[in-house]
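> If it helps, the file is called structure_13.txt and holds compact mmCIF, C-alpha atoms and all ligand atoms:
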```txt
# COMPACT_ATOMS: atom_id res chain seq x y z
CA MET A 31 191.37 181.04 -99.62
CA SER A 32 191.28 177.26 -99.62
CA TYR A 33 190.76 175.41 -102.87
CA PHE A 34 188.15 173.36 -101.00
CA ALA A 35 186.17 176.23 -99.45
CA SER A 36 183.20 175.68 -101.74
CA VAL A 37 183.11 171.87 -101.44
CA PRO A 38 179.98 170.90 -99.53
CA ALA A 39 179.74 167.65 -97.57
CA ALA A 40 178.21 164.81 -99.62
CA PRO A 41 175.20 163.01 -98.18
CA ALA A 42 176.22 160.06 -96.03
CA ASP A 43 175.62 156.57 -97.46
CA ALA A 44 172.48 155.39 -95.67
CA LEU A 45 173.51 151.74 -95.41
CA PHE A 46 177.03 152.40 -94.20
CA GLY A 47 175.63 154.95 -91.71
CA LEU A 48 173.31 152.27 -90.35
CA MET A 49 176.23 149.87 -90.01
CA ALA A 50 178.22 152.45 -88.04
CA LYS A 51 175.25 153.02 -85.71
CA TYR A 52 174.93 149.27 -85.16
CA LYS A 53 178.62 148.99 -84.35
CA ALA A 54 178.42 151.76 -81.77
CA ASP A 55 175.35 150.19 -80.08
CA THR A 56 176.32 148.43 -76.83
CA PHE A 57 173.00 146.58 -76.29
CA ASP A 58 173.74 142.86 -75.94
CA LYS A 59 170.77 141.68 -78.01
CA LYS A 60 171.31 144.05 -80.95
CA VAL A 61 170.67 142.52 -84.36
CA ASP A 62 172.10 143.59 -87.71
CA LEU A 63 169.60 142.98 -90.49
CA GLY A 64 171.09 145.67 -92.73
CA VAL A 65 174.27 143.86 -93.68
CA GLY A 66 174.47 142.67 -97.29
CA ALA A 67 176.93 139.91 -96.48
CA TYR A 68 176.45 136.31 -95.38
CA ARG A 69 176.76 135.52 -91.68
CA ASP A 70 176.84 132.05 -90.12
CA ASN A 71 174.55 130.88 -87.35
CA THR A 72 176.74 132.62 -84.76
CA GLY A 73 176.46 135.93 -86.61
CA LYS A 74 180.08 135.78 -87.86
CA PRO A 75 181.44 136.27 -91.40
CA TRP A 76 182.04 132.91 -93.07
CA VAL A 77 185.12 132.10 -95.11
CA LEU A 78 183.94 129.36 -97.46
CA PRO A 79 185.93 126.17 -96.78
CA VAL A 80 186.71 125.84 -100.50
CA VAL A 81 188.12 129.39 -100.48
CA SER A 82 190.34 128.60 -97.47
CA LYS A 83 191.61 125.52 -99.25
CA VAL A 84 192.46 127.40 -102.45
CA ASP A 85 194.05 130.17 -100.39
CA SER A 86 196.56 127.72 -98.97
CA LEU A 87 197.18 126.20 -102.41
CA ILE A 88 198.02 129.64 -103.79
CA VAL A 89 200.29 130.49 -100.85
CA ALA A 90 202.16 127.22 -101.38
CA ASP A 91 202.42 127.68 -105.16
CA PRO A 92 205.98 128.82 -106.04
CA THR A 93 204.82 130.01 -109.48
CA ALA A 94 202.18 132.40 -108.12
CA ASN A 95 203.34 136.02 -108.15
CA HIS A 96 201.88 139.51 -107.93
CA GLU A 97 202.45 140.68 -111.49
CA TYR A 98 199.93 142.84 -113.37
CA LEU A 99 197.02 141.10 -115.02
CA PRO A 100 196.16 141.94 -118.63
CA ILE A 101 193.86 145.00 -118.89
CA THR A 102 190.77 142.85 -119.43
CA GLY A 103 191.72 140.49 -116.61
CA LEU A 104 192.76 136.91 -115.97
CA PRO A 105 191.64 134.83 -118.98
CA ASP A 106 191.10 131.66 -116.89
CA PHE A 107 188.76 133.70 -114.73
CA THR A 108 186.81 135.59 -117.40
CA LYS A 109 186.34 132.48 -119.59
CA SER A 110 185.10 130.27 -116.78
CA ALA A 111 182.94 133.10 -115.41
CA ALA A 112 181.23 133.37 -118.82
CA LYS A 113 180.61 129.61 -118.83
CA LEU A 114 179.13 129.77 -115.36
CA ILE A 115 176.47 132.34 -116.24
CA LEU A 116 175.83 131.38 -119.87
CA GLY A 117 176.09 127.61 -119.50
CA PRO A 118 178.99 125.40 -120.66
CA ASP A 119 177.34 124.69 -124.02
CA SER A 120 176.31 128.24 -124.76
CA PRO A 121 176.22 128.89 -128.52
CA ALA A 122 177.25 132.50 -127.81
CA ILE A 123 180.53 131.24 -126.30
CA LYS A 124 181.11 128.69 -129.09
CA GLU A 125 180.53 131.37 -131.74
CA ASN A 126 182.87 133.86 -130.02
CA ARG A 127 180.05 136.31 -129.42
CA VAL A 128 180.95 137.05 -125.82
CA ALA A 129 183.17 140.00 -124.89
CA SER A 130 184.30 139.57 -121.28
CA CYS A 131 186.26 141.94 -119.09
CA GLN A 132 187.24 141.48 -115.45
CA THR A 133 185.93 144.28 -113.24
CA ILE A 134 186.03 145.63 -109.69
CA SER A 135 183.37 143.19 -108.50
CA GLY A 136 179.73 143.73 -109.45
CA THR A 137 179.84 147.47 -108.79
CA GLY A 138 182.70 147.87 -111.25
CA ALA A 139 180.84 145.80 -113.83
CA ASN A 140 177.80 148.05 -113.45
CA HIS A 141 180.05 151.05 -113.87
CA LEU A 142 182.05 149.82 -116.86
CA GLY A 143 178.98 148.41 -118.60
CA SER A 144 177.02 151.63 -118.24
CA LEU A 145 180.04 153.74 -119.14
CA PHE A 146 180.38 151.79 -122.38
CA LEU A 147 176.66 152.17 -123.15
CA SER A 148 176.78 155.91 -122.48
CA ARG A 149 179.65 156.20 -124.98
CA PHE A 150 178.10 153.91 -127.55
CA PRO A 151 174.32 154.31 -127.60
CA SER A 152 172.27 151.71 -129.46
CA SER A 153 171.88 152.23 -133.18
CA ALA A 154 168.15 151.65 -132.51
CA ALA A 155 168.00 154.87 -130.45
CA PRO A 156 166.57 157.98 -132.14
CA PRO A 157 169.58 159.83 -133.61
CA LYS A 158 168.56 163.24 -132.24
CA SER A 159 168.69 162.24 -128.61
CA VAL A 160 172.00 160.51 -129.22
CA PHE A 161 173.97 163.11 -131.03
CA LEU A 162 172.70 166.31 -129.46
CA SER A 163 174.54 165.64 -126.26
CA ARG A 164 177.68 164.18 -127.79
CA SER A 165 180.59 166.52 -127.12
CA PRO A 166 183.00 167.32 -129.93
CA PRO A 167 186.32 165.45 -129.74
CA SER A 168 188.81 167.16 -127.49
CA PRO A 169 191.76 168.90 -129.17
CA GLY A 170 194.51 166.50 -130.06
CA ALA A 171 192.20 163.50 -129.82
CA THR A 172 193.06 160.75 -132.23
CA GLY A 173 190.45 159.03 -134.33
CA ASP A 174 190.66 156.09 -131.93
CA THR A 175 189.28 158.04 -128.99
CA PRO A 176 185.77 156.88 -128.10
CA PRO A 177 183.14 159.62 -128.21
CA ARG A 178 182.51 161.53 -125.00
CA ALA A 179 179.48 160.62 -122.93
CA ALA A 180 176.50 160.75 -125.23
CA GLY A 181 173.89 159.91 -122.65
CA GLY A 182 171.10 157.45 -123.20
CA ARG A 183 168.32 156.19 -120.96
CA ILE A 184 168.30 153.32 -118.52
CA TRP A 185 165.19 151.94 -116.85
CA ILE A 186 165.65 150.57 -113.36
CA SER A 187 163.15 148.72 -111.19
CA ASN A 188 161.34 150.60 -108.43
CA PRO A 189 162.89 149.78 -106.00
CA THR A 190 166.38 148.55 -106.80
CA TRP A 191 169.85 148.23 -105.22
CA ALA A 192 170.57 151.68 -103.76
CA ASN A 193 173.76 152.15 -105.78
CA HIS A 194 172.31 151.64 -109.28
CA LYS A 195 170.96 155.15 -109.70
CA GLN A 196 174.16 156.91 -108.76
CA ILE A 197 176.36 154.59 -110.80
CA PHE A 198 174.29 155.23 -113.93
CA GLU A 199 173.90 158.95 -113.39
CA ASN A 200 177.61 159.19 -112.81
CA VAL A 201 178.30 158.08 -116.40
CA GLY A 202 175.70 160.44 -117.86
CA LEU A 203 172.76 158.09 -118.38
CA THR A 204 169.26 159.36 -117.67
CA VAL A 205 167.65 157.09 -115.10
CA LYS A 206 163.96 156.20 -115.43
CA GLN A 207 161.98 153.79 -113.25
CA TYR A 208 159.58 151.00 -114.07
CA PRO A 209 157.17 149.63 -111.44
CA TYR A 210 158.32 146.38 -109.85
CA TRP A 211 157.09 145.94 -106.29
CA ASP A 212 153.40 145.90 -105.56
CA PRO A 213 152.87 146.98 -101.93
CA LYS A 214 149.33 145.57 -102.00
CA THR A 215 150.27 142.02 -102.94
CA LEU A 216 153.82 142.25 -101.50
CA GLY A 217 154.88 140.70 -104.81
CA LEU A 218 155.79 141.54 -108.39
CA ASP A 219 153.82 144.21 -110.25
CA LEU A 220 154.22 142.47 -113.60
CA LYS A 221 151.39 144.39 -115.22
CA GLY A 222 152.88 147.76 -114.25
CA MET A 223 156.34 146.66 -115.33
CA LEU A 224 155.25 145.40 -118.75
CA ASN A 225 153.05 148.42 -119.29
CA ALA A 226 155.96 150.81 -118.65
CA LEU A 227 158.37 148.83 -120.84
CA GLU A 228 155.81 148.57 -123.61
CA ASN A 229 154.46 152.12 -123.58
CA GLU A 230 157.00 154.45 -122.03
CA THR A 231 160.33 153.28 -123.45
CA ARG A 232 162.01 154.28 -126.70
CA PRO A 233 163.93 151.92 -128.98
CA GLY A 234 167.52 151.68 -127.80
CA ASP A 235 166.68 152.31 -124.13
CA ILE A 236 168.49 150.12 -121.62
CA VAL A 237 166.58 148.01 -119.09
CA LEU A 238 168.26 146.94 -115.89
CA LEU A 239 167.13 143.49 -114.75
CA HIS A 240 168.25 141.54 -111.69
CA ALA A 241 169.25 138.09 -112.93
CA CYS A 242 168.00 136.47 -109.71
CA ALA A 243 167.34 137.30 -106.05
CA HIS A 244 166.15 140.84 -106.70
CA ASN A 245 167.69 143.31 -104.26
CA PRO A 246 165.94 144.65 -102.18
CA THR A 247 162.61 142.84 -102.65
CA GLY A 248 163.62 139.17 -102.92
CA VAL A 249 160.90 138.88 -105.57
CA ASP A 250 161.85 137.39 -108.95
CA PRO A 251 159.67 136.98 -112.02
CA ALA A 252 158.52 133.39 -112.67
CA ARG A 253 159.72 131.78 -115.91
CA GLU A 254 156.59 132.62 -117.88
CA GLU A 255 156.89 136.21 -116.61
CA TRP A 256 160.50 136.41 -117.77
CA GLU A 257 159.32 135.22 -121.19
CA LYS A 258 156.96 138.19 -121.39
CA ILE A 259 159.69 140.62 -120.31
CA ALA A 260 162.06 139.22 -122.96
CA ALA A 261 159.34 139.54 -125.61
CA VAL A 262 158.88 143.26 -124.82
CA CYS A 263 162.64 143.83 -124.88
CA LYS A 264 162.73 142.24 -128.30
CA SER A 265 159.73 143.99 -129.81
CA LYS A 266 160.68 147.41 -128.37
CA LYS A 267 164.41 146.99 -129.20
CA LEU A 268 165.42 147.51 -125.58
CA PHE A 269 168.89 146.53 -124.38
CA PRO A 270 168.79 144.18 -121.35
CA PHE A 271 171.37 145.00 -118.68
CA PHE A 272 171.50 142.02 -116.33
CA ASP A 273 172.91 142.45 -112.86
CA SER A 274 173.87 139.04 -111.48
CA ALA A 275 175.13 139.41 -107.92
CA TYR A 276 173.60 136.28 -106.38
CA GLN A 277 174.01 133.31 -108.74
CA GLY A 278 173.67 130.11 -106.68
CA PHE A 279 172.74 132.10 -103.63
CA ALA A 280 169.08 132.48 -104.57
CA SER A 281 168.02 128.86 -105.01
CA GLY A 282 171.23 127.07 -104.10
CA ASP A 283 171.36 125.94 -107.73
CA LEU A 284 173.72 127.73 -110.11
CA GLU A 285 171.87 126.65 -113.26
CA ARG A 286 168.45 127.62 -112.00
CA ASP A 287 169.68 131.07 -110.98
CA ALA A 288 171.11 131.64 -114.47
CA TRP A 289 167.90 130.66 -116.25
CA ALA A 290 166.64 134.16 -117.07
CA VAL A 291 169.95 135.28 -118.57
CA GLN A 292 170.25 132.11 -120.65
CA TYR A 293 166.66 132.42 -121.82
CA PHE A 294 167.23 136.00 -123.05
CA VAL A 295 170.39 134.90 -124.88
CA SER A 296 168.49 131.99 -126.47
CA GLN A 297 166.00 134.53 -127.82
CA GLY A 298 168.75 136.18 -129.85
CA LEU A 299 168.86 139.33 -127.73
CA GLU A 300 172.09 141.26 -127.43
CA LEU A 301 172.69 142.13 -123.80
CA LEU A 302 175.21 142.56 -121.04
CA ILE A 303 175.75 140.81 -117.71
CA CYS A 304 177.38 142.24 -114.60
CA GLN A 305 178.67 139.33 -112.56
CA SER A 306 179.78 139.52 -108.95
CA PHE A 307 181.59 136.82 -106.97
CA ALA A 308 181.31 138.77 -103.71
CA LYS A 309 178.32 136.91 -102.26
CA ASN A 310 178.52 133.45 -103.79
CA PHE A 311 182.24 133.08 -102.94
CA GLY A 312 182.20 135.23 -99.81
CA LEU A 313 184.93 137.31 -101.48
CA TYR A 314 183.42 140.70 -100.66
CA GLY A 315 186.66 142.61 -100.18
CA GLN A 316 188.55 140.98 -103.03
CA ARG A 317 186.44 142.69 -105.70
CA ALA A 318 186.24 139.79 -108.14
CA GLY A 319 183.72 140.53 -110.88
CA CYS A 320 183.21 140.32 -114.57
CA LEU A 321 181.33 142.10 -117.32
CA HIS A 322 180.10 140.15 -120.35
CA PHE A 323 178.58 141.58 -123.52
CA ILE A 324 176.69 139.16 -125.76
CA THR A 325 176.72 140.39 -129.34
CA GLN A 326 175.25 139.16 -132.61
CA THR A 327 178.59 138.64 -134.34
CA ALA A 328 182.12 137.65 -133.38
CA LYS A 329 183.41 140.84 -135.01
CA ALA A 330 181.17 143.03 -132.82
CA SER A 331 182.39 141.15 -129.77
CA GLU A 332 186.01 141.77 -130.71
CA ASN A 333 185.34 145.49 -131.17
CA VAL A 334 183.41 145.76 -127.91
CA LYS A 335 186.21 144.03 -126.04
CA SER A 336 188.77 146.42 -127.48
CA GLN A 337 186.68 149.39 -126.34
CA LEU A 338 186.24 147.90 -122.86
CA ALA A 339 190.02 147.56 -122.64
CA PHE A 340 190.38 151.15 -123.81
CA LEU A 341 188.01 152.45 -121.12
CA GLN A 342 189.39 150.17 -118.40
CA ARG A 343 192.98 151.25 -119.07
CA SER A 344 192.22 154.87 -118.15
CA GLU A 345 190.25 153.93 -115.05
CA ILE A 346 191.99 151.09 -113.23
CA SER A 347 194.60 150.00 -115.76
CA ASN A 348 194.52 146.36 -114.57
CA PRO A 349 192.03 144.57 -112.35
CA PRO A 350 193.04 142.99 -109.02
CA ILE A 351 194.49 139.50 -109.18
CA TYR A 352 193.86 137.63 -105.93
CA GLY A 353 190.11 137.07 -105.84
CA ALA A 354 190.02 136.29 -109.55
CA ARG A 355 192.73 133.70 -109.05
CA ILE A 356 190.74 131.99 -106.29
CA VAL A 357 187.55 131.91 -108.37
CA ALA A 358 189.42 130.71 -111.48
CA ARG A 359 191.00 127.81 -109.60
CA VAL A 360 187.63 126.70 -108.26
CA LEU A 361 185.73 127.05 -111.52
CA ASN A 362 188.39 125.19 -113.50
CA ASN A 363 188.75 122.20 -111.18
CA PRO A 364 185.80 119.75 -111.05
CA GLU A 365 186.54 118.63 -107.49
CA LEU A 366 186.84 122.15 -106.12
CA PHE A 367 183.81 123.18 -108.14
CA ASN A 368 181.71 120.48 -106.45
CA GLU A 369 182.97 121.57 -103.07
CA TRP A 370 181.99 125.15 -103.86
CA LYS A 371 178.50 124.01 -104.82
CA GLU A 372 178.15 122.31 -101.42
CA ASN A 373 179.30 125.49 -99.65
CA LEU A 374 176.80 127.51 -101.67
CA LEU A 375 174.01 125.15 -100.80
CA GLU A 376 174.88 125.42 -97.13
CA MET A 377 174.50 129.22 -97.28
CA ALA A 378 171.29 129.07 -99.34
CA ASN A 379 169.76 126.45 -97.03
CA ARG A 380 170.59 128.36 -93.87
CA ILE A 381 168.94 131.44 -95.31
CA LYS A 382 165.87 129.45 -96.34
CA SER A 383 165.60 127.94 -92.86
CA MET A 384 165.71 131.45 -91.38
CA ARG A 385 162.82 132.49 -93.62
CA ASP A 386 160.80 129.55 -92.28
CA ALA A 387 161.82 130.29 -88.69
CA LEU A 388 160.91 133.99 -88.84
CA LYS A 389 157.54 133.27 -90.40
CA SER A 390 156.67 130.55 -87.90
CA GLU A 391 157.68 132.77 -84.94
CA LEU A 392 155.38 135.52 -86.26
CA ILE A 393 152.54 133.05 -86.69
CA LYS A 394 153.15 131.74 -83.17
CA LEU A 395 152.81 135.28 -81.82
CA ASP A 396 149.66 135.79 -83.88
CA THR A 397 151.26 138.92 -85.31
CA PRO A 398 148.76 140.92 -87.38
CA GLY A 399 149.17 140.58 -91.15
CA ASN A 400 150.08 137.88 -93.61
CA TRP A 401 153.74 136.85 -93.58
CA ASP A 402 153.72 134.41 -96.49
CA HIS A 403 155.89 136.77 -98.52
CA ILE A 404 158.82 136.04 -96.20
CA THR A 405 159.00 132.46 -97.44
CA ASN A 406 157.87 133.26 -101.00
CA GLN A 407 160.77 135.68 -101.49
CA ILE A 408 164.24 134.36 -102.26
CA GLY A 409 167.88 135.27 -101.90
CA MET A 410 169.61 137.25 -99.22
CA PHE A 411 166.94 139.91 -98.74
CA SER A 412 163.33 140.17 -97.81
CA PHE A 413 161.09 143.19 -98.25
CA THR A 414 158.99 143.04 -95.10
CA GLY A 415 156.42 145.71 -95.95
CA LEU A 416 157.23 147.47 -92.64
CA SER A 417 156.75 151.25 -92.76
CA PRO A 418 159.55 153.79 -92.14
CA GLN A 419 157.96 154.60 -88.75
CA GLN A 420 157.95 150.92 -87.78
CA VAL A 421 161.57 150.64 -88.93
CA ASP A 422 162.49 153.63 -86.75
CA ARG A 423 160.97 151.92 -83.73
CA LEU A 424 162.77 148.68 -84.48
CA VAL A 425 166.10 150.48 -84.65
CA ASN A 426 165.62 152.88 -81.76
CA GLU A 427 163.59 150.83 -79.28
CA PHE A 428 164.56 147.27 -80.08
CA HIS A 429 168.13 147.63 -81.47
CA VAL A 430 167.10 145.69 -84.59
CA TYR A 431 168.85 147.41 -87.49
CA LEU A 432 167.36 147.43 -90.98
CA THR A 433 167.11 149.89 -93.86
CA LYS A 434 164.34 152.52 -93.95
CA ASN A 435 162.57 150.76 -96.85
CA GLY A 436 161.82 147.74 -94.62
CA ARG A 437 164.41 145.45 -96.22
CA ILE A 438 165.97 142.83 -94.01
CA SER A 439 169.00 140.70 -94.72
CA MET A 440 168.05 137.12 -93.88
CA ALA A 441 171.75 136.46 -93.29
CA GLY A 442 171.58 138.55 -90.11
CA LEU A 443 169.08 136.11 -88.57
CA ASN A 444 170.15 133.00 -86.70
CA THR A 445 168.63 130.49 -84.30
CA HIS A 446 169.73 132.67 -81.35
CA ASN A 447 168.06 135.93 -82.40
CA VAL A 448 165.09 135.02 -84.60
CA ALA A 449 162.57 134.82 -81.73
CA TYR A 450 163.74 138.22 -80.42
CA VAL A 451 163.38 139.77 -83.89
CA ALA A 452 159.88 138.30 -84.33
CA LYS A 453 158.83 139.75 -80.96
CA ALA A 454 160.16 143.16 -81.99
CA PHE A 455 158.27 142.98 -85.33
CA ASP A 456 155.16 141.95 -83.43
CA ALA A 457 155.46 144.93 -81.09
CA VAL A 458 155.82 147.52 -83.86
CA VAL A 459 153.01 146.28 -86.11
CA ARG A 460 150.37 146.09 -83.37
N1 LIG A 501 174.27 144.40 -107.72
C1 LIG A 501 173.41 144.12 -106.74
C2 LIG A 501 171.97 143.90 -107.07
C3 LIG A 501 173.86 144.01 -105.42
O1 LIG A 501 172.99 143.70 -104.46
C4 LIG A 501 175.22 144.23 -105.14
C5 LIG A 501 175.70 144.20 -103.76
O2 LIG A 501 175.00 144.28 -102.81
C6 LIG A 501 176.07 144.51 -106.23
C7 LIG A 501 175.56 144.59 -107.49
C8 LIG A 501 177.54 144.77 -106.10
O3 LIG A 501 178.25 144.09 -105.22
P1 LIG A 501 179.82 143.99 -105.30
O4 LIG A 501 180.33 145.24 -105.94
O5 LIG A 501 180.25 143.83 -103.90
O6 LIG A 501 180.09 142.80 -106.15
```
Can you turn what I pasted into structure tokens?
Ligand code: PLP


Amino acid sequence: MSYFASVPAAPADALFGLMAKYKADTFDKKVDLGVGAYRDNTGKPWVLPVVSKVDSLIVADPTANHEYLPITGLPDFTKSAAKLILGPDSPAIKENRVASCQTISGTGANHLGSLFLSRFPSSAAPPKSVFLSRSPPSPGATGDTPPRAAGGRIWISNPTWANHKQIFENVGLTVKQYPYWDPKTLGLDLKGMLNALENETRPGDIVLLHACAHNPTGVDPAREEWEKIAAVCKSKKLFPFFDSAYQGFASGDLERDAWAVQYFVSQGLELLICQSFAKNFGLYGQRAGCLHFITQTAKASENVKSQLAFLQRSEISNPPIYGARIVARVLNNPELFNEWKENLLEMANRIKSMRDALKSELIKLDTPGNWDHITNQIGMFSFTGLSPQQVDRLVNEFHVYLTKNGRISMAGLNTHNVAYVAKAFDAVVR
């Protein structure tokens, strides 16, 4: 009898399944609008020129080696990453209230951050819900061992990045949803969101927020809307869990894309930030990411960092060096930093021009419906409002690949395929 006889097949990952189908398609006009990675105007992956430059500097550097990093990562990387998201003059940094830990890109930051929160629920949470599920220490455990998963609740937007739910459930958090997307207005359902956060949450609950360029909708709260969200987090003692996977990619401006996070910090809220350098550096496969906790005191930050190191040691021991080294060199050199900003702007501008092009093609075709949301939304993705049946037709009849929820990656559009895509959209909505 095989050990594995009772192991059922896991469900396939929908996005990666779509990518495989696209790859196998031999139609010459096929279009990939599922991909969550930047493509240039010829549909090819783009190595940022600043990254190529730093690559050759590292290769030529006789002092660069492949030794282990410290458990919490490359200090030049984590420190400059904190400055990038919090601002160079952040009081939280000056007062040593930031606990940073390098992670396996943004996914790893989501995992480590939620793992920590499941082990250490907020002291604002009702004690019963916290301690009932806490397992007793295992035999032989020392007093230093963090408690076993105690659970806790995290609120995620409906919809959100497909991986959030499984990452959080994997560490024992209970996942709840707050309304976010309003299918009638094709925009933000602020009322529904605030109502859920105000009336359905408990003190100590965690609230996942996309720092900018919400995935999959491309709809971000305006500044005055963020202010209302922060006020509810404060009054209801909720813990903001910021996922920042697109800084600089949304508006082309690093500062503007960090506004929400910095505003929450300025309001005295304790929070965490998951930071990915996959998209804004084009370093998808290098897994360069960072997790930052902002605490009220320097002492708390020190303790949190020690616990992050403790958890990280048993999971990956030490984070990967290469991508972090590239990012650190760029962030710590003013000339390279300016070059990076230009590269970022080039990507953001190309995506914006594709939004304009798609909308104007649809208007030209007199396609039924209002397509303003395509240019109102920001970042890599757009939520088209197309139904699952329309998506099926796009994939099967027109070889235009997108996810079932009607999300398209603007990066998959270019001047050669945008008219074809608009015609396909036109055909399926009529
Ligand atoms: N968070 C969001 C909202 C994302 O869209 C993504 C990637 O698509 C990630 C996190 C994680 O990306 P990575 O692990 O490649 O940094």

> I'd like the contact shell of Lys266 (chain A) - 10 Å cut-off, all atoms listed in the file, skipping same-chain residues fewer than 6 positions apart - returned as number ranges by chain.

A: 154, 227-229, 231-235, 260

> Pick out the closest residue to Gly136 (chain A) from this set: A:Gly319, A:Pro418, A:Gly442, A:Pro92. Count all atoms listed in the file.

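With all atoms listed in the file as the atom set, the closest residue is A:Gly319.
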
> Return as a ChimeraX atom specification the residues of protein, DNA or RNA that approach ligand LIG 501 (chain A) to within 9 Å, with all atoms listed in the file taken into account.

/A:66-67,134-140,190-194,240-246,273-276,304-309,313-319,410

> Between CA of Gly143 (chain A) and CA of Leu341 (chain A), what is the spacing in Å?

10.2 Å

> Report, in Å to a single decimal, how far apart CA of Gly47 (chain A) and CA of Leu78 (chain A) are.

27.5 Å

> Counting all atoms listed in the file, which of A:Trp211, A:Phe311, A:Phe323, A:Phe294 gets nearest to Gln277 (chain A)?

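Residue with the minimum atom-to-atom distance to Gln277 (chain A): A:Phe311.
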
> Go ahead and compute the interatomic distance for CA of Phe428 (chain A) and CA of Pro41 (chain A), in Å to one decimal.

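CA of Phe428 (chain A) sits 26.2 Å away from CA of Pro41 (chain A).
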
> Quick one: everything within 10 Å of Gly64 (chain A), counting only C-alpha atoms, minus sequence neighbours fewer than 3 positions away in the same chain. Send it as an mmCIF file with C-alpha atoms, keeping the file's coordinate frame.


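Dumped everything to result.cif:
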```cif
data_model
loop_
_atom_site.group_PDB
_atom_site.id
_atom_site.type_symbol
_atom_site.label_atom_id
_atom_site.label_comp_id
_atom_site.auth_asym_id
_atom_site.auth_seq_id
_atom_site.Cartn_x
_atom_site.Cartn_y
_atom_site.Cartn_z
ATOM 1 C CA LEU A 45 173.510 151.740 -95.410
ATOM 2 C CA PHE A 46 177.030 152.400 -94.200
ATOM 3 C CA LEU A 48 173.310 152.270 -90.350
ATOM 4 C CA MET A 49 176.230 149.870 -90.010
ATOM 5 C CA TYR A 52 174.930 149.270 -85.160
ATOM 6 C CA VAL A 61 170.670 142.520 -84.360
ATOM 7 C CA ALA A 67 176.930 139.910 -96.480
ATOM 8 C CA PHE A 411 166.940 139.910 -98.740
ATOM 9 C CA VAL A 430 167.100 145.690 -84.590
ATOM 10 C CA TYR A 431 168.850 147.410 -87.490
ATOM 11 C CA LEU A 432 167.360 147.430 -90.980
ATOM 12 C CA THR A 433 167.110 149.890 -93.860
ATOM 13 C CA LYS A 434 164.340 152.520 -93.950
ATOM 14 C CA GLY A 436 161.820 147.740 -94.620
ATOM 15 C CA ARG A 437 164.410 145.450 -96.220
ATOM 16 C CA ILE A 438 165.970 142.830 -94.010
ATOM 17 C CA SER A 439 169.000 140.700 -94.720
ATOM 18 C CA MET A 440 168.050 137.120 -93.880
ATOM 19 C CA ALA A 441 171.750 136.460 -93.290
ATOM 20 C CA GLY A 442 171.580 138.550 -90.110
#
```

> Within 12 Å of (153.4, 144.5, -115.2) (file coordinates; all atoms listed in the file), which protein or nucleic acid residues are there? I'd like them as a ChimeraX atom specification.

/A:187,208-212,217-229,251,255-256,258-259,262

> So which one's closest to Arg380 (chain A), A:Leu443, A:Val237, A:Val425, A:Val77? Using all atoms listed in the file, please.

A:Leu443

> Which one is closest to Val448 (chain A): A:His322, A:His403, A:Lys60, A:Lys53? Count all atoms listed in the file.

A:Lys60

> What's around Arg385 (chain A) at 9 Å? Count only C-alpha atoms, leave out sequence neighbours fewer than 6 positions away in its own chain, and write the answer as a list in words.

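Counting only C-alpha atoms, the residues come to Ile404, Thr405, Asn406, Gln407, Ile408, Ser412, Met440 and Leu443 of chain A.
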
> Generate the output file for the selected residues, C-alpha atoms, as a compact mmCIF listing (two decimals), in the frame of the given file.


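Heads up, here's the output in selection01.txt:
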```txt
# COMPACT_ATOMS: atom_id res chain seq x y z
CA ILE A 404 158.82 136.04 -96.20
CA THR A 405 159.00 132.46 -97.44
CA ASN A 406 157.87 133.26 -101.00
CA GLN A 407 160.77 135.68 -101.49
CA ILE A 408 164.24 134.36 -102.26
CA SER A 412 163.33 140.17 -97.81
CA MET A 440 168.05 137.12 -93.88
CA LEU A 443 169.08 136.11 -88.57
```

> Would you pick out the contacts of Pro121 (chain A) at 12 Å or less, using all atoms listed in the file, so that residues sharing its chain but fewer than 3 positions from it are not included, and give the list as a ChimeraX atom specification?

/A:112-113,116-118,124-128,292,295-298,324-328

> Rank nothing, just name the residue among A:Glu372, A:Glu97, A:Asp85, A:Glu332 nearest to Leu284 (chain A), using all atoms listed in the file.

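Closest to Leu284 (chain A) of all the choices is A:Glu372.
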